[in-house]
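As provided, work14.csv (CSV, C-alpha atoms) reads as follows.
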chain,number,residue,atom,x,y,z
A,111,MET,CA,0.0,0.0,0.0
A,112,ILE,CA,1.0,3.7,-0.3
A,113,THR,CA,1.8,5.3,3.0
A,114,ALA,CA,1.4,9.0,3.9
A,115,GLU,CA,1.7,11.3,6.9
A,116,ARG,CA,-0.5,14.2,7.7
A,117,LYS,CA,1.2,17.6,7.2
A,118,PRO,CA,1.6,19.8,10.3
A,119,LEU,CA,-1.6,21.6,11.1
A,120,PRO,CA,0.0,25.1,10.7
A,121,GLU,CA,0.9,24.2,7.1
A,122,ILE,CA,-2.6,23.0,6.3
A,123,LYS,CA,-4.1,26.0,8.0
A,124,GLU,CA,-2.0,28.4,5.9
A,125,SER,CA,-2.9,26.6,2.7
A,126,ILE,CA,-6.6,27.1,3.4
A,127,THR,CA,-6.4,30.6,4.8
A,128,PRO,CA,-8.2,32.3,1.9
A,129,TYR,CA,-11.2,30.0,2.1
A,130,LYS,CA,-14.2,29.8,4.3
A,131,LYS,CA,-15.9,26.7,2.9
A,132,VAL,CA,-13.7,23.6,2.9
A,133,LEU,CA,-14.5,20.1,1.7
A,134,ILE,CA,-12.2,17.5,3.3
A,135,VAL,CA,-12.0,14.4,1.2
A,136,GLY,CA,-10.4,11.2,2.7
A,137,CYS,CA,-9.6,7.9,1.1
A,138,GLY,CA,-10.7,4.6,2.5
A,139,THR,CA,-7.9,2.5,1.0
A,140,CYS,CA,-4.1,2.8,1.5
A,141,VAL,CA,-4.0,6.0,3.6
A,142,ALA,CA,-6.8,4.6,5.8
A,143,GLU,CA,-4.8,1.5,6.5
A,144,CYS,CA,-1.8,3.7,7.6
A,145,ALA,CA,-4.1,5.9,9.7
A,146,SER,CA,-3.4,9.1,7.9
A,147,GLY,CA,-6.3,9.7,5.5
A,148,GLY,CA,-9.3,7.5,6.4
A,149,GLU,CA,-12.7,8.4,7.7
A,150,LYS,CA,-11.3,8.8,11.3
A,151,GLU,CA,-8.5,11.0,10.3
A,152,VAL,CA,-10.8,13.2,8.2
A,153,ALA,CA,-13.0,13.7,11.2
A,154,LEU,CA,-10.0,14.5,13.4
A,155,LEU,CA,-8.7,17.1,11.0
A,156,ALA,CA,-12.2,18.6,10.5
A,157,SER,CA,-12.6,18.8,14.2
A,158,ALA,CA,-9.2,20.5,14.7
A,159,LEU,CA,-9.8,23.0,11.9
A,160,ARG,CA,-13.3,23.9,13.2
A,161,MET,CA,-12.0,24.4,16.8
A,162,ASP,CA,-9.1,26.4,15.5
A,163,ALA,CA,-11.3,28.7,13.5
A,164,LYS,CA,-13.7,29.1,16.5
A,165,LYS,CA,-10.9,29.9,18.8
A,166,GLU,CA,-9.7,32.6,16.4
A,167,GLY,CA,-13.2,33.9,15.8
A,168,ARG,CA,-13.1,33.0,12.1
A,169,ASP,CA,-16.0,31.6,10.1
A,170,LEU,CA,-15.2,28.2,8.6
A,171,GLU,CA,-17.5,25.7,7.2
A,172,VAL,CA,-16.1,22.2,6.9
A,173,HIS,CA,-17.7,19.2,5.3
A,174,GLU,CA,-16.3,15.7,5.6
A,175,ILE,CA,-16.4,12.8,3.1
A,176,THR,CA,-14.3,9.7,2.6
A,177,LEU,CA,-14.3,7.9,-0.7
A,178,ASP,CA,-13.5,4.3,-1.0
A,179,ARG,CA,-10.7,5.2,-3.4
A,180,GLN,CA,-9.6,8.7,-4.2
A,181,CYS,CA,-7.6,7.6,-7.3
A,182,VAL,CA,-10.5,6.1,-9.3
A,183,TYR,CA,-13.0,8.1,-11.3
A,184,GLU,CA,-16.0,6.0,-10.3
A,185,PHE,CA,-15.5,6.8,-6.7
A,186,ILE,CA,-14.5,10.5,-7.3
A,187,ASP,CA,-17.9,10.9,-9.0
A,188,GLN,CA,-19.5,10.9,-5.5
A,189,LEU,CA,-18.1,14.4,-5.1
A,190,ALA,CA,-19.9,15.8,-8.1
A,191,GLU,CA,-22.9,17.1,-6.2
A,192,LEU,CA,-20.8,18.5,-3.3
A,193,VAL,CA,-17.8,20.2,-4.9
A,194,ASP,CA,-19.7,23.2,-6.2
A,195,ARG,CA,-20.8,24.1,-2.7
A,196,TYR,CA,-17.2,24.5,-1.4
A,197,GLU,CA,-14.4,26.9,-2.2
A,198,VAL,CA,-11.6,24.3,-1.8
A,199,VAL,CA,-11.0,20.6,-1.5
A,200,LEU,CA,-8.6,19.5,1.2
A,201,SER,CA,-7.5,16.0,0.2
A,202,LEU,CA,-6.4,13.4,2.6
A,203,GLY,CA,-5.5,11.1,-0.2
A,204,CYS,CA,-2.1,10.2,-1.5
A,205,GLY,CA,-0.6,12.3,-4.3
A,206,ALA,CA,-2.3,10.2,-6.9
A,207,GLY,CA,-5.7,10.8,-5.2
A,208,VAL,CA,-5.1,14.6,-5.0
A,209,GLN,CA,-4.3,14.7,-8.7
A,210,ALA,CA,-7.1,12.5,-9.8
A,211,VAL,CA,-9.7,14.7,-7.9
A,212,ALA,CA,-8.1,17.8,-9.4
A,213,GLU,CA,-8.4,16.3,-12.9
A,214,VAL,CA,-12.0,15.5,-12.5
A,215,PHE,CA,-12.8,19.0,-11.1
A,216,PRO,CA,-10.6,21.4,-13.1
A,217,LYS,CA,-12.2,24.5,-11.6
A,218,ILE,CA,-11.6,23.8,-7.9
A,219,HIS,CA,-8.4,24.1,-5.9
A,220,VAL,CA,-7.4,20.8,-4.5
A,221,ILE,CA,-4.9,21.0,-1.6
A,222,PRO,CA,-2.9,18.0,-0.2
A,223,ALA,CA,-3.1,17.6,3.5
A,224,LEU,CA,-0.8,14.6,3.5
A,225,ASN,CA,2.8,14.0,2.5
A,226,THR,CA,2.9,10.8,0.5
A,227,THR,CA,5.8,8.7,1.5
A,228,PHE,CA,6.4,5.2,0.3
A,229,ILE,CA,5.1,1.8,-0.7
A,230,ALA,CA,4.9,-0.2,2.5
A,231,GLN,CA,3.8,-3.3,4.4
A,232,THR,CA,2.0,-3.1,7.8
A,233,LYS,CA,4.6,-4.6,10.0
A,234,GLU,CA,2.5,-4.5,13.1
A,235,ALA,CA,-0.2,-2.2,14.5
A,236,GLY,CA,1.1,1.3,14.0
A,237,VAL,CA,4.3,0.4,12.2
A,238,TRP,CA,4.7,0.5,8.4
A,239,ILE,CA,7.9,-0.3,6.7
A,240,GLU,CA,9.0,0.5,3.1
A,241,ASN,CA,9.5,-2.7,1.3
A,242,CYS,CA,9.0,-1.9,-2.4
A,243,ARG,CA,10.6,0.9,-4.5
A,244,GLY,CA,8.4,0.3,-7.5
A,245,CYS,CA,11.4,-0.2,-9.7
A,246,GLY,CA,9.5,-1.9,-12.5
A,247,ASP,CA,11.9,-4.9,-12.6
A,248,CYS,CA,11.0,-7.2,-9.7
A,249,ARG,CA,13.7,-9.7,-8.7
A,250,LEU,CA,12.3,-10.8,-5.4
A,251,ASP,CA,12.5,-14.4,-6.5
A,252,GLN,CA,16.3,-14.2,-6.8
A,253,PHE,CA,16.7,-12.7,-3.3
A,254,ALA,CA,14.5,-15.0,-1.1
A,255,ASP,CA,11.5,-12.6,-1.5
A,256,ILE,CA,13.4,-9.8,0.3
A,257,CYS,CA,14.1,-6.7,-1.8
A,258,PRO,CA,17.7,-5.6,-1.6
A,259,ILE,CA,16.9,-2.4,-3.6
A,260,THR,CA,14.5,-1.2,-1.0
A,261,ARG,CA,15.6,-2.9,2.2
A,262,CYS,CA,19.3,-2.6,1.9
A,263,ALA,CA,20.4,1.0,2.6
A,264,LYS,CA,23.0,0.6,-0.2
A,265,SER,CA,20.7,-1.3,-2.6
A,266,LEU,CA,23.4,-4.0,-3.0
A,267,PHE,CA,22.7,-6.9,-5.4
A,268,ASN,CA,25.6,-9.2,-4.8
A,269,GLY,CA,26.0,-9.8,-1.1
A,270,PRO,CA,26.3,-7.7,2.1
A,271,CYS,CA,28.5,-4.7,2.5
A,272,GLY,CA,30.2,-6.0,5.6
A,273,GLY,CA,28.9,-3.3,7.9
A,274,SER,CA,26.1,-5.4,9.3
A,275,LYS,CA,26.2,-5.8,13.1
A,276,GLY,CA,24.3,-8.5,14.8
A,277,GLY,CA,22.0,-8.8,11.8
A,278,TYR,CA,21.2,-5.1,11.8
A,279,CYS,CA,22.2,-2.3,9.3
A,280,GLU,CA,25.1,0.0,10.0
A,281,VAL,CA,23.2,2.9,8.4
A,282,ASP,CA,20.2,2.4,10.7
A,283,PRO,CA,20.8,0.1,13.7
A,284,GLU,CA,17.0,-0.4,14.1
A,285,THR,CA,16.7,-1.8,10.6
A,286,PRO,CA,17.5,-5.5,10.0
A,287,CYS,CA,20.2,-6.0,7.4
A,288,ALA,CA,18.5,-7.1,4.2
A,289,TRP,CA,21.3,-9.3,3.3
A,290,HIS,CA,21.3,-11.0,6.7
A,291,LEU,CA,17.6,-11.8,6.1
A,292,ILE,CA,18.2,-13.0,2.5
A,293,VAL,CA,21.0,-15.4,3.4
A,294,THR,CA,19.2,-16.7,6.5
A,295,ARG,CA,16.0,-17.3,4.5
A,296,LEU,CA,17.9,-19.0,1.7
A,297,GLU,CA,19.8,-21.2,4.2
A,298,GLU,CA,16.6,-22.2,6.0
A,299,SER,CA,14.8,-23.1,2.7
A,300,GLY,CA,17.9,-24.9,1.2
A,301,ARG,CA,18.2,-22.5,-1.7
A,302,LEU,CA,21.7,-21.0,-1.1
A,303,GLU,CA,22.6,-21.7,-4.7
A,304,LYS,CA,20.5,-18.7,-5.6
A,305,LEU,CA,23.5,-16.6,-4.4
A,306,ALA,CA,26.0,-18.2,-6.9
A,307,PRO,CA,25.3,-16.0,-9.9
A,308,LEU,CA,26.5,-12.5,-10.2
A,309,TYR,CA,23.5,-10.2,-10.6
A,310,PRO,CA,23.9,-7.3,-13.0
A,311,PRO,CA,22.8,-3.8,-11.9
A,312,ALA,CA,19.1,-3.0,-11.9
A,313,ASN,CA,17.6,-1.7,-15.1
A,314,TRP,CA,16.6,1.7,-13.8
A,315,SER,CA,15.2,2.7,-17.2
A,316,LYS,CA,12.1,0.8,-16.1
A,317,LYS,CA,11.6,3.2,-13.2
A,318,GLU,CA,13.2,6.5,-14.1
A,319,GLY,CA,14.3,8.7,-17.0
A,320,LYS,CA,11.2,8.6,-19.2
A,321,GLY,CA,8.8,10.8,-17.1
A,322,PRO,CA,5.7,9.3,-15.5
A,323,ARG,CA,5.2,5.6,-16.1
A,324,LYS,CA,2.0,4.2,-17.6
A,325,ILE,CA,0.4,0.8,-17.8
A,326,VAL,CA,-2.1,0.1,-20.5
A,327,ARG,CA,-4.1,-3.1,-20.5
A,328,GLU,CA,-6.3,-3.4,-23.6
A,329,ASP,CA,-8.3,-6.2,-22.1
A,330,GLN,CA,-9.4,-3.8,-19.2
A,331,ARG,CA,-10.2,-0.8,-21.4
A,332,HIS,CA,-13.7,0.2,-22.6
B,248,MET,CA,2.1,11.9,30.8
B,249,SER,CA,1.5,10.2,34.1
B,250,GLY,CA,-2.1,9.5,35.0
B,251,ALA,CA,-3.4,11.1,38.1
B,252,SER,CA,-4.9,8.8,40.7
B,253,ILE,CA,-8.4,9.1,42.2
B,254,GLY,CA,-10.7,6.9,44.2
B,255,ARG,CA,-9.7,7.8,47.7
B,256,PRO,CA,-12.6,7.2,50.1
B,257,PHE,CA,-14.0,10.7,50.4
B,258,PHE,CA,-16.9,12.5,48.8
B,259,PRO,CA,-15.9,16.1,48.1
B,260,ARG,CA,-18.5,18.7,47.7
B,261,VAL,CA,-19.1,20.0,44.1
B,262,MET,CA,-18.3,23.7,44.0
B,263,THR,CA,-21.3,25.9,43.7
B,264,THR,CA,-22.1,27.2,40.3
B,265,GLU,CA,-20.6,30.6,41.2
B,266,GLU,CA,-17.3,28.9,42.1
B,267,ASN,CA,-17.0,26.5,39.2
B,268,ARG,CA,-18.7,26.9,35.8
B,269,SER,CA,-16.6,24.2,34.1
B,270,ASN,CA,-18.2,22.0,31.6
B,271,VAL,CA,-16.8,18.5,32.0
B,272,ALA,CA,-16.9,15.3,29.9
B,273,ILE,CA,-16.1,12.1,31.7
B,274,PHE,CA,-15.2,9.0,29.7
B,275,PHE,CA,-14.8,6.1,32.0
B,276,CYS,CA,-14.4,2.3,32.0
B,277,GLN,CA,-17.6,0.7,33.1
B,278,GLN,CA,-15.7,-2.0,34.9
B,279,LEU,CA,-15.0,0.5,37.6
B,280,ASP,CA,-18.6,0.9,38.6
B,281,PRO,CA,-21.0,-1.8,37.7
B,282,ASP,CA,-23.9,0.5,38.9
B,283,GLN,CA,-22.7,3.5,36.9
B,284,ASP,CA,-26.1,3.8,35.1
B,285,VAL,CA,-27.8,4.6,38.5
B,286,ASN,CA,-24.9,6.3,40.2
B,287,ARG,CA,-24.3,9.0,37.7
B,288,ARG,CA,-28.0,10.1,37.5
B,289,ALA,CA,-28.0,12.3,40.6
B,290,LEU,CA,-25.0,14.3,39.4
B,291,GLU,CA,-26.4,14.6,35.9
B,292,LYS,CA,-29.6,15.9,37.4
B,293,GLU,CA,-27.7,18.3,39.6
B,294,LEU,CA,-25.4,19.8,36.9
B,295,GLY,CA,-27.5,19.3,33.8
B,296,THR,CA,-25.6,20.0,30.6
B,297,ARG,CA,-22.4,20.9,32.5
B,298,ILE,CA,-21.5,17.3,32.9
B,299,ARG,CA,-21.6,14.5,30.3
B,300,PHE,CA,-20.8,10.9,31.1
B,301,PHE,CA,-19.6,8.5,28.5
B,302,PRO,CA,-19.4,4.9,29.8
B,303,LEU,CA,-17.0,2.7,27.8
B,304,PRO,CA,-16.8,-1.1,27.9
B,305,CYS,CA,-13.1,-0.6,28.4
B,306,SER,CA,-11.0,2.6,28.5
B,307,GLY,CA,-9.1,1.1,25.5
B,308,ARG,CA,-12.2,1.9,23.4
B,309,ILE,CA,-11.4,5.6,23.6
B,310,GLU,CA,-10.4,7.3,20.4
B,311,ALA,CA,-8.8,10.7,20.0
B,312,LEU,CA,-11.9,11.8,18.1
B,313,HIS,CA,-14.1,11.2,21.1
B,314,LEU,CA,-12.1,13.6,23.1
B,315,MET,CA,-11.9,16.2,20.3
B,316,ARG,CA,-15.6,16.0,19.8
B,317,ALA,CA,-16.2,16.5,23.5
B,318,LEU,CA,-14.1,19.7,23.5
B,319,GLU,CA,-15.8,20.9,20.3
B,320,ALA,CA,-19.2,20.3,21.8
B,321,GLY,CA,-18.4,22.6,24.7
B,322,ALA,CA,-16.5,20.8,27.3
B,323,ASP,CA,-13.7,22.7,29.1
B,324,LYS,CA,-12.1,19.5,30.1
B,325,ALA,CA,-12.4,15.8,29.2
B,326,TYR,CA,-11.3,13.1,31.5
B,327,LEU,CA,-10.7,9.5,30.8
B,328,VAL,CA,-11.0,7.4,33.9
B,329,THR,CA,-9.3,4.0,33.6
B,330,CYS,CA,-8.7,1.0,35.8
B,331,PRO,CA,-5.3,1.0,37.6
B,332,VAL,CA,-2.3,0.0,35.4
B,333,GLY,CA,-2.1,-3.8,35.4
B,334,ALA,CA,-5.7,-4.3,36.4
B,335,CYS,CA,-7.4,-3.9,33.0
B,336,ARG,CA,-9.9,-6.7,32.5
B,337,TYR,CA,-8.8,-6.8,28.8
B,338,ARG,CA,-5.1,-6.6,29.8
B,339,GLU,CA,-4.0,-3.7,27.7
B,340,GLY,CA,-7.0,-1.4,27.4
B,341,ASN,CA,-5.7,1.3,29.8
B,342,ILE,CA,-2.2,1.2,28.2
B,343,ARG,CA,-3.7,1.9,24.8
B,344,ALA,CA,-6.0,4.5,26.4
B,345,LYS,CA,-2.9,6.4,27.7
B,346,LYS,CA,-1.4,6.5,24.2
B,347,ARG,CA,-4.6,7.8,22.7
B,348,VAL,CA,-5.0,10.5,25.2
B,349,GLU,CA,-1.4,11.6,24.5
B,350,PHE,CA,-2.1,11.6,20.8
B,351,ALA,CA,-5.2,13.8,21.4
B,352,GLN,CA,-3.2,16.1,23.6
B,353,LYS,CA,-0.8,16.7,20.7
B,354,LEU,CA,-3.7,17.5,18.4
B,355,ILE,CA,-5.1,20.2,20.6
B,356,GLN,CA,-1.7,21.6,21.2
B,357,GLU,CA,-1.4,22.1,17.4
B,358,ILE,CA,-4.3,24.5,17.6
B,359,GLY,CA,-3.0,26.3,20.7
B,360,LEU,CA,-5.1,24.7,23.4
B,361,GLU,CA,-3.6,23.4,26.7
B,362,PRO,CA,-2.9,19.6,26.7
B,363,GLU,CA,-4.4,19.5,30.2
B,364,ARG,CA,-7.8,19.8,28.7
B,365,PHE,CA,-7.5,16.1,28.2
B,366,GLU,CA,-6.5,14.1,31.2
B,367,LEU,CA,-6.1,10.4,31.9
B,368,VAL,CA,-6.9,9.4,35.4
B,369,ASN,CA,-6.0,6.0,36.8
B,370,ALA,CA,-8.2,4.7,39.5
B,371,SER,CA,-6.2,4.0,42.7
B,372,SER,CA,-7.5,0.4,42.9
B,373,PRO,CA,-9.7,-1.9,40.8
B,374,GLY,CA,-12.8,-0.8,42.7
B,375,PRO,CA,-15.7,-1.0,42.5
B,376,PHE,CA,-16.2,2.8,42.8
B,377,SER,CA,-19.1,5.1,42.5
B,378,ILE,CA,-18.6,7.1,39.4
B,379,ASP,CA,-20.6,9.9,41.0
B,380,ALA,CA,-18.0,10.3,43.7
B,381,MET,CA,-15.2,10.2,41.3
B,382,ALA,CA,-16.8,12.7,39.1
B,383,ARG,CA,-17.3,15.2,41.9
B,384,GLU,CA,-13.6,15.0,42.6
B,385,LEU,CA,-12.8,15.5,38.9
B,386,ILE,CA,-15.2,18.4,38.5
B,387,ASN,CA,-13.5,20.2,41.4
B,388,LYS,CA,-10.2,19.6,39.9
B,389,ALA,CA,-11.3,21.0,36.5
B,390,GLY,CA,-12.3,24.2,38.2
B,391,GLY,CA,-8.7,25.2,38.2
B,392,LEU,CA,-8.5,25.3,34.4
B,393,PRO,CA,-9.6,28.5,32.6
B,394,SER,CA,-12.7,28.2,30.4
B,395,SER,CA,-12.1,26.8,27.0
B,396,PRO,CA,-11.6,29.6,24.5
B,397,LEU,CA,-14.0,27.7,22.3
B,398,ASN,CA,-16.7,28.5,24.7
B,399,VAL,CA,-16.2,32.3,24.6
B,400,LYS,CA,-19.0,33.8,22.6
B,401,LYS,CA,-18.2,36.1,19.8
B,402,PRO,CA,-19.7,39.7,20.3
B,403,LYS,CA,-22.4,39.2,17.7
B,404,GLU,CA,-23.3,35.8,19.2
B,405,ALA,CA,-23.4,37.2,22.7
B,406,ALA,CA,-25.6,40.1,21.6
B,407,HIS,CA,-27.9,37.7,19.7
B,408,ASN,CA,-28.3,35.6,22.9
B,409,THR,CA,-29.0,38.5,25.2
B,410,PRO,CA,-32.7,38.5,26.2

Could you quickly redo this structure as structure tokens?
Amino acid sequence: MITAERKPLPEIKESITPYKKVLIVGCGTCVAECASGGEKEVALLASALRMDAKKEGRDLEVHEITLDRQCVYEFIDQLAELVDRYEVVLSLGCGAGVQAVAEVFPKIHVIPALNTTFIAQTKEAGVWIENCRGCGDCRLDQFADICPITRCAKSLFNGPCGGSKGGYCEVDPETPCAWHLIVTRLEESGRLEKLAPLYPPANWSKKEGKGPRKIVREDQRH
Amino acid sequence: MSGASIGRPFFPRVMTTEENRSNVAIFFCQQLDPDQDVNRRALEKELGTRIRFFPLPCSGRIEALHLMRALEAGADKAYLVTCPVGACRYREGNIRAKKRVEFAQKLIQEIGLEPERFELVNASSPGPFSIDAMARELINKAGGLPSSPLNVKKPKEAAHNTP
């Protein structure tokens, strides 16, 4: 899933300063799972903004809505009857959600209330770790299903750097060494031969250098 | 934040309305007072809208949003009363409750309100207690906090409401 964190309230407040009628739009998928942009977080932000305005004697009308997915037109359509009644949309979606809403409603200002961060796995309640860089050339099979590009601070393909201490990374002692995990897992599953080949550098042209990436599936199109 | 402790065996007098005009919301774990439904009635009758009780099946059910909404609805202070640490029937409820109160405190600090407007209170023993007696003690304590700036009427509101 895509993770995000809410921007500091002063930053959000400044961005909506010119407006008196704000529509806060959450997203019930990725950012709800990482507790930054779901229904509950929309309600918390709305409550904080209303109280802040009241404390300062400002008029502020805030309406809350959370879409199942903010990056898919079919769900964004639910805003069609609401948007015209507000001066600005404050989005608690990821960057993709913000831009999708902006595209559907070209005349309204859509402001992000989140900083989109990374693709993650929910490690435990309240903990999300980055485990995919979206490189476009997945080689998890070669590395015991542990991504060295993402989880090794140095993105090494051919063995550890030598700085691992007690199974943890020298760059961040709280992060397990990806190569320690890879070797342990291959050992335990009897697949150590996977480490014999020399792996060439990643093909970064599949991720970067050509502008925004696009997937087209004719079988899915209208 | 360390939770204050209440539940000592005394029944303090509620300040008169001239002394204490605080609006208080009290979220509490029902396990502390099996007769809470009866015990809180007298105080609710006495203080009317100035006190709001919110019984929870466990203090771990609290959400930051509950506390925020209480403040938004006019409370000067919101308490969460939990079982003593280590005595939660569901093991970790009051530990989670503490984290959520701390989170809510950070949220109101962002808008310039005092974190003390939300307070977690650990009961001194597993009880049972009378929530009425606990509440009287907490209301007295809340009297030391200035009224919430959210409850100050704007001039035009005040004028409109003057008979």

Dump as a Markdown table the rows for residues of chain B within 7 Å of chain A: closest atom pair and distance in Å with one decimal, all atoms listed in the file counted, ordered by chain and rising residue number.
| residue | atom | partner | partner_atom | distance |
| --- | --- | --- | --- | --- |
| B:Leu312 | CA | A:Leu154 | CA | 5.7 |
| B:Met315 | CA | A:Ser157 | CA | 6.7 |
| B:Arg316 | CA | A:Ser157 | CA | 6.9 |
| B:Glu319 | CA | A:Met161 | CA | 6.2 |
| B:Glu357 | CA | A:Leu119 | CA | 6.3 |
| B:Ile358 | CA | A:Asp162 | CA | 5.6 |
| B:Pro396 | CA | A:Lys165 | CA | 5.8 |
| B:Leu397 | CA | A:Lys165 | CA | 5.2 |
| B:Lys401 | CA | A:Gly167 | CA | 6.8 |

Since we have the selection now, will you write its residues out, keeping C-alpha atoms, as a short mmCIF file (atom, residue, chain, number, x, y, z; two decimals), in the frame of the given file?
data_model
loop_
_atom_site.label_atom_id
_atom_site.label_comp_id
_atom_site.auth_asym_id
_atom_site.auth_seq_id
_atom_site.Cartn_x
_atom_site.Cartn_y
_atom_site.Cartn_z
CA LEU B 312 -11.90 11.80 18.10
CA MET B 315 -11.90 16.20 20.30
CA ARG B 316 -15.60 16.00 19.80
CA GLU B 319 -15.80 20.90 20.30
CA GLU B 357 -1.40 22.10 17.40
CA ILE B 358 -4.30 24.50 17.60
CA PRO B 396 -11.60 29.60 24.50
CA LEU B 397 -14.00 27.70 22.30
CA LYS B 401 -18.20 36.10 19.80
#

Q | Atom-to-atom span, atom CA of A:Gly138 and atom CA of A:Gly246, Å | A | 26.0 Å

Q: Please provide as number ranges by chain all residues within 9 Å of B:Val332, with the sequence filter that same-chain residues fewer than 6 positions apart are discarded (counting all atoms listed in the file).
A: B: 339, 341-342, 369-370

Q | Selection near B:Asp284, 12 Å with only C-alpha atoms, sequence-local residues under 2 positions removed, as a PyMOL selection string | A | chain B and resi 275+277-282+286-291+300-303+377-379

(Q) Give me, as a PyMOL selection string, all polymer residues having an atom no more than 10 Å from A:Ala254, counting all atoms listed in the file and skipping those fewer than 3 positions away in the same chain. (A) chain A and resi 249-251+257-258+289+291-297+299+301-302+304-305

Q: Figure out the distance between atom CA of B:Ile386 and atom CA of B:Tyr326, please, to one decimal in Å.
A: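 Computing the Euclidean distance for atom CA of B:Tyr326 and atom CA of B:Ile386 yields 9.6 Å.
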
Q | Pairwise distance for atom CA of A:Ala230 and atom CA of B:Arg343, rounded to one decimal in Å | A |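 Here the two named atoms are 24.0 Å from each other.
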
Q.
What's around stretch 195-207 of chain A at 6 Å? Count only C-alpha atoms, leave out sequence neighbours fewer than 2 positions away in its own chain, and write the answer as a PyMOL selection string.
A. chain A and resi 131-137+147+180-181+192-193+209-210+219-224+226

Kindly add N, CA and C atoms to the incomplete stretch 164-176 of chain A and provide the output as a compact mmCIF listing (two decimals), in the coordinates of the input.
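Below you can see rebuild.txt, which holds the result:
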# COMPACT_ATOMS: atom_id res chain seq x y z
N LYS A 164 -12.86 28.54 15.41
CA LYS A 164 -13.70 29.10 16.50
C LYS A 164 -12.90 29.86 17.50
N LYS A 165 -11.76 29.28 17.83
CA LYS A 165 -10.90 29.90 18.80
C LYS A 165 -10.42 31.29 18.32
N GLU A 166 -10.19 31.38 17.02
CA GLU A 166 -9.70 32.60 16.40
C GLU A 166 -10.84 33.56 15.97
N GLY A 167 -12.06 33.10 16.17
CA GLY A 167 -13.20 33.90 15.80
C GLY A 167 -13.40 34.02 14.26
N ARG A 168 -12.91 33.01 13.54
CA ARG A 168 -13.10 33.00 12.10
C ARG A 168 -14.28 32.12 11.71
N ASP A 169 -14.92 32.45 10.60
CA ASP A 169 -16.00 31.60 10.10
C ASP A 169 -15.33 30.52 9.21
N LEU A 170 -15.68 29.29 9.45
CA LEU A 170 -15.20 28.20 8.60
C LEU A 170 -16.20 27.09 8.57
N GLU A 171 -16.61 26.78 7.35
CA GLU A 171 -17.50 25.70 7.20
C GLU A 171 -16.75 24.48 6.64
N VAL A 172 -16.85 23.37 7.34
CA VAL A 172 -16.10 22.20 6.90
C VAL A 172 -17.03 21.02 6.72
N HIS A 173 -16.90 20.38 5.58
CA HIS A 173 -17.70 19.20 5.30
C HIS A 173 -16.75 18.01 5.13
N GLU A 174 -17.16 16.84 5.63
CA GLU A 174 -16.30 15.70 5.60
C GLU A 174 -16.87 14.60 4.66
N ILE A 175 -16.02 14.00 3.86
CA ILE A 175 -16.40 12.80 3.10
C ILE A 175 -15.22 11.95 2.84
N THR A 176 -15.43 10.66 2.87
CA THR A 176 -14.30 9.70 2.60
C THR A 176 -14.75 8.80 1.47
